[in-house]
Amino acid sequence: MAHLYISAAHKSSGKTTLSIGLCAALRQRGQIVQPFKKGPDYIDPLWLGQAAERPCFNLDFYTMERDEIAQAFMRRMHGADLGLIEGNKGLYDGLALDGSNSNAALAAQLAAPIVLVLDSQGMTRGVAPLILGYQAFDPEIRITGVILNKVGGRRHESKLRAVIEHYTDVNVLGAVQRSDELRIDERHLGLVPSNELDQSRRHIERMAALIADQVDLDGLSDMARMAGSVQAEETPPRVRLAAEPGNRVRIAYAKDSAFGFYYTGDLEALREAGAELVPFSPLRDRSLPACDGLFLGGGFPETHMEALESNADMRADVARFVANDNPVYAECGGLMYLCNSLTWQGNVRKMVGVIPADVVMHAKPQGRGYVQLRETSDHPWPGVGAGKDVISAHEFHYSALGQIPAGMRFAYSVERGFGLNGQWDGIVYRNLLASYAHLRHTRANPWADRFTAFVRQHSRKA
């Protein structure tokens, strides 16, 4: 099973744009590429999935058990010719001092050869001790190739190649020149998502052409075939309740350029739990589709706030849906959309208004990173009892609610992270749960099963 790990010495080395270009270039050669992304991330997987024309899946030590990661990797690799895992931050970066949740640890678990992307700006002979140090730091991993990125020209490239060949045993798989064609615009949460760009397909194809000209794709594929076997225990397949008509429910979920932060695995889990997922657009549609429940994922409502306000019919329909006690789950951007108003860069726009608070965008992150939540007795979904287990999730938001009215009920107390105010997250109102935390459907936190069961309970009462 051919696969490899794309990592870097540090963040912002260009590994994401190179990974996107590699996925597309290998696909153009007729290979079926299965992309993966380490850690919690919505935006990079959108680009990687579009480039490979195959959904990208996240692998995350914080929310997943180790054997769960191996099983997910093996399952997603079915039918693929090559797996490409893009790391986050630097190769040895991670939460744990011992590196047990680093990129290197994930590469070791998946027996993946590592291709190190090196930002070569301003470097010549210094590239050798960098590579040698990274190799020596953990002899259990295999850095078998490097791609030189942001190279300043042919003369610069030849110097780098000569140094690496003289001092190291690492293969130079490519030297990618600095080019605006390999840039993707960024904003406060990272890259602009591909679902917002009308020309994203064309941009990916241009990136693929540049990568194909400057990277040894045959050598890269040969290296991927050097990967070892992944050890994963077989687990029984999940019972597919969707096959039983009496268990089916319709869940509408917001999907457009304002709302697009959904894990592919979570959407699959909702379907397996018995949900028929119906996409709709809060930007363009005038009303909700016929549904039993509503899922408002994250995204960038602030960059579309005028259009969201202008669609008063949709805002009113969502408000009626909540007022009629229908089940609703909202994360981050969905939470912002449900508030009274949204303020950004001096502009104030009306939102749905079912959460009696105003939300304001700030210049710096208000909550960022992994979180730990403990359920309270006000959590509305069936399943784990209140306070018994800690849920591992993540958050990344520049917005914060203004004054939160007294008497609000909350689904979670925050043990790590910020949430709504450093103490609570998950506003509960009628049958609505809205939080800044992004949940991940895993063995330890089967939230998709619980929400679908909640929707099903309500639909049978209706």
# chains A, B, ... in the order shown; residues from 1 in each chain; ligands from 1
>>> select_by_dssp(residues="segment 304-338 of chain A", states="strand (DSSP E or B)", output="ChimeraX atom specification")
/A:328-331
>>> residues_around(residues="segment 342-346 of chain A", least_positions_apart="4", cutoff="8 Å", atoms="only C-alpha atoms", output="number ranges by chain")
A: 302, 305, 336-337, 350-351, 358-362
>>> write_last_selection(atoms="N, CA and C atoms", output="tab-separated table (two decimals), in the first residue's frame")
chain	number	residue	atom	x	y	z
A	302	GLU	N	-18.97	36.16	8.36
A	302	GLU	CA	-18.59	37.57	8.39
A	302	GLU	C	-18.27	38.10	7.00
A	305	MET	N	-21.78	38.69	5.29
A	305	MET	CA	-22.81	39.17	6.22
A	305	MET	C	-23.88	40.01	5.52
A	336	MET	N	-22.81	32.04	15.12
A	336	MET	CA	-22.80	33.46	14.78
A	336	MET	C	-24.03	33.85	13.98
A	337	TYR	N	-24.41	33.01	13.03
A	337	TYR	CA	-25.57	33.27	12.18
A	337	TYR	C	-26.86	33.34	12.98
A	350	LYS	N	-27.87	42.41	10.59
A	350	LYS	CA	-28.82	41.56	11.29
A	350	LYS	C	-28.61	40.10	10.90
A	351	MET	N	-28.72	39.23	11.90
A	351	MET	CA	-28.67	37.80	11.66
A	351	MET	C	-30.04	37.21	12.04
A	358	ASP	N	-25.30	39.63	20.69
A	358	ASP	CA	-24.66	40.17	19.49
A	358	ASP	C	-23.23	39.63	19.41
A	359	VAL	N	-22.80	39.34	18.21
A	359	VAL	CA	-21.47	38.76	18.03
A	359	VAL	C	-20.59	39.77	17.30
A	360	VAL	N	-19.34	39.87	17.77
A	360	VAL	CA	-18.40	40.87	17.25
A	360	VAL	C	-17.12	40.16	16.82
A	361	MET	N	-16.63	40.50	15.61
A	361	MET	CA	-15.35	40.00	15.14
A	361	MET	C	-14.22	40.86	15.72
A	362	HIS	N	-13.15	40.21	16.18
A	362	HIS	CA	-12.02	40.90	16.77
A	362	HIS	C	-10.78	40.74	15.90
>>> residues_around(residues="Ile404 of chain A", least_positions_apart="6", cutoff="12 Å", atoms="only C-alpha atoms", output="PyMOL selection string")
chain A and resi 339-340+355-359+410+420-421+424-425+427
>>> closest_residue(among="A:Arg320, A:His438, A:Arg430, A:His379", to="Cys332 of chain A", atoms="only C-alpha atoms")
A:His438
>>> closest_residue(among="A:Ala363, A:Leu373, A:Leu432, A:Ile85", to="Tyr329 of chain A", atoms="only C-alpha atoms")
A:Leu432
>>> closest_atom_pairs(of="segment 68-113 of chain A", to="segment 126-135 of chain A", cutoff="12 Å", atoms="only C-alpha atoms", output="Markdown table")
| residue | atom | partner | partner_atom | distance |
| --- | --- | --- | --- | --- |
| A:Gly90 | CA | A:Tyr134 | CA | 10.6 |
| A:Leu91 | CA | A:Tyr134 | CA | 8.5 |
| A:Tyr92 | CA | A:Tyr134 | CA | 8.6 |
| A:Asp93 | CA | A:Tyr134 | CA | 11.9 |
| A:Ala104 | CA | A:Tyr134 | CA | 10.3 |
>>> write_last_selection(atoms="N, CA and C atoms", output="CSV table (one decimal), in the first residue's frame")
chain,number,residue,atom,x,y,z
A,90,GLY,N,5.4,21.8,11.9
A,90,GLY,CA,6.6,21.2,11.6
A,90,GLY,C,6.6,19.7,12.0
A,91,LEU,N,7.6,19.0,11.4
A,91,LEU,CA,7.7,17.5,11.6
A,91,LEU,C,7.6,17.1,13.0
A,92,TYR,N,8.3,17.8,13.9
A,92,TYR,CA,8.4,17.4,15.3
A,92,TYR,C,7.5,18.2,16.2
A,93,ASP,N,6.6,19.0,15.7
A,93,ASP,CA,5.7,19.8,16.5
A,93,ASP,C,4.5,19.0,17.0
A,104,ALA,N,5.9,13.4,13.3
A,104,ALA,CA,6.8,12.3,13.3
A,104,ALA,C,6.2,11.0,13.9
>>> closest_residue(among="A:Ala24, A:Ala136, A:Leu106, A:Ile43", to="Asp60 of chain A", atoms="only C-alpha atoms")
A:Leu106
>>> residues_around(residues="segment 266-271 of chain A", least_positions_apart="4", cutoff="9 Å", atoms="only C-alpha atoms", output="PyMOL selection string")
chain A and resi 240-242+251+262+275-277+440-442+446-449+451-452
>>> atom_distance(atom1="atom CA of Leu288 of chain A", atom2="atom CA of Gly265 of chain A")
24.1 Å
>>> select_by_dssp(residues="segment 277-437 of chain A", states="helix (DSSP H, G or I)", output="PyMOL selection string")
chain A and resi 301-310+312-323+333-338
>>> atom_distance(atom1="atom CA of Ser13 of chain A", atom2="atom CA of Gln121 of chain A")
9.8 Å
>>> residues_around(residues="Gly83 of chain A", least_positions_apart="6", cutoff="9 Å", atoms="only C-alpha atoms", output="short mmCIF file (atom, residue, chain, number, x, y, z; two decimals) with N, CA and C atoms, in the first residue's frame")
data_model
loop_
_atom_site.label_atom_id
_atom_site.label_comp_id
_atom_site.auth_asym_id
_atom_site.auth_seq_id
_atom_site.Cartn_x
_atom_site.Cartn_y
_atom_site.Cartn_z
N MET A 1 0.85 -1.18 0.00
CA MET A 1 0.00 0.00 0.00
C MET A 1 0.90 1.24 0.00
N ALA A 2 0.99 1.90 -1.12
CA ALA A 2 1.90 3.03 -1.28
C ALA A 2 1.35 4.27 -0.60
N HIS A 3 2.16 4.88 0.24
CA HIS A 3 1.77 6.14 0.84
C HIS A 3 3.00 6.86 1.36
N LEU A 4 2.88 8.17 1.55
CA LEU A 4 3.99 8.96 2.07
C LEU A 4 3.45 10.14 2.87
N TYR A 5 4.36 10.74 3.62
CA TYR A 5 4.00 11.83 4.54
C TYR A 5 4.71 13.10 4.10
N ILE A 32 -4.93 7.11 -8.61
CA ILE A 32 -5.99 7.41 -7.66
C ILE A 32 -5.31 7.78 -6.34
N VAL A 33 -5.40 9.04 -5.98
CA VAL A 33 -4.70 9.57 -4.81
C VAL A 33 -5.70 9.77 -3.68
N GLN A 34 -5.38 9.23 -2.51
CA GLN A 34 -6.21 9.44 -1.34
C GLN A 34 -5.50 10.41 -0.39
N PRO A 35 -6.04 11.63 -0.24
CA PRO A 35 -5.39 12.60 0.64
C PRO A 35 -5.86 12.48 2.09
N PHE A 36 -4.95 12.79 3.00
CA PHE A 36 -5.23 12.87 4.44
C PHE A 36 -4.60 14.15 4.97
N MET A 77 -7.97 4.10 2.44
CA MET A 77 -7.03 3.76 1.38
C MET A 77 -7.59 2.73 0.41
N ALA A 224 6.87 6.32 -2.25
CA ALA A 224 5.62 5.93 -1.59
C ALA A 224 5.50 4.41 -1.51
#
>>> closest_residue(among="A:Val455, A:Ala209, A:Val115, A:Ile6", to="Gly21 of chain A", atoms="only C-alpha atoms")
A:Ala209
>>> closest_atom_pairs(of="segment 207-289 of chain A", to="segment 155-173 of chain A", cutoff="9 Å", atoms="only C-alpha atoms", output="JSON lines")
{"residue": "A:Gln214", "atom": "CA", "partner": "A:Leu173", "partner_atom": "CA", "distance": 8.7}
{"residue": "A:Val215", "atom": "CA", "partner": "A:Leu173", "partner_atom": "CA", "distance": 5.7}
{"residue": "A:Asp216", "atom": "CA", "partner": "A:Leu173", "partner_atom": "CA", "distance": 5.3}
{"residue": "A:Leu217", "atom": "CA", "partner": "A:Leu173", "partner_atom": "CA", "distance": 7.9}
{"residue": "A:Gly219", "atom": "CA", "partner": "A:Leu173", "partner_atom": "CA", "distance": 6.7}
{"residue": "A:Leu220", "atom": "CA", "partner": "A:Leu173", "partner_atom": "CA", "distance": 6.8}
>>> atom_distance(atom1="atom CA of Ala316 of chain A", atom2="atom CA of Asn347 of chain A")
21.3 Å
>>> closest_atom_pairs(of="segment 379-427 of chain A", to="segment 294-301 of chain A", cutoff="12 Å", atoms="only C-alpha atoms", output="JSON lines")
{"residue": "A:Glu395", "atom": "CA", "partner": "A:Gly298", "partner_atom": "CA", "distance": 10.3}
{"residue": "A:Phe396", "atom": "CA", "partner": "A:Gly298", "partner_atom": "CA", "distance": 10.0}
{"residue": "A:His397", "atom": "CA", "partner": "A:Gly298", "partner_atom": "CA", "distance": 9.8}
{"residue": "A:Tyr398", "atom": "CA", "partner": "A:Phe300", "partner_atom": "CA", "distance": 10.6}
{"residue": "A:Ser399", "atom": "CA", "partner": "A:Phe300", "partner_atom": "CA", "distance": 10.7}
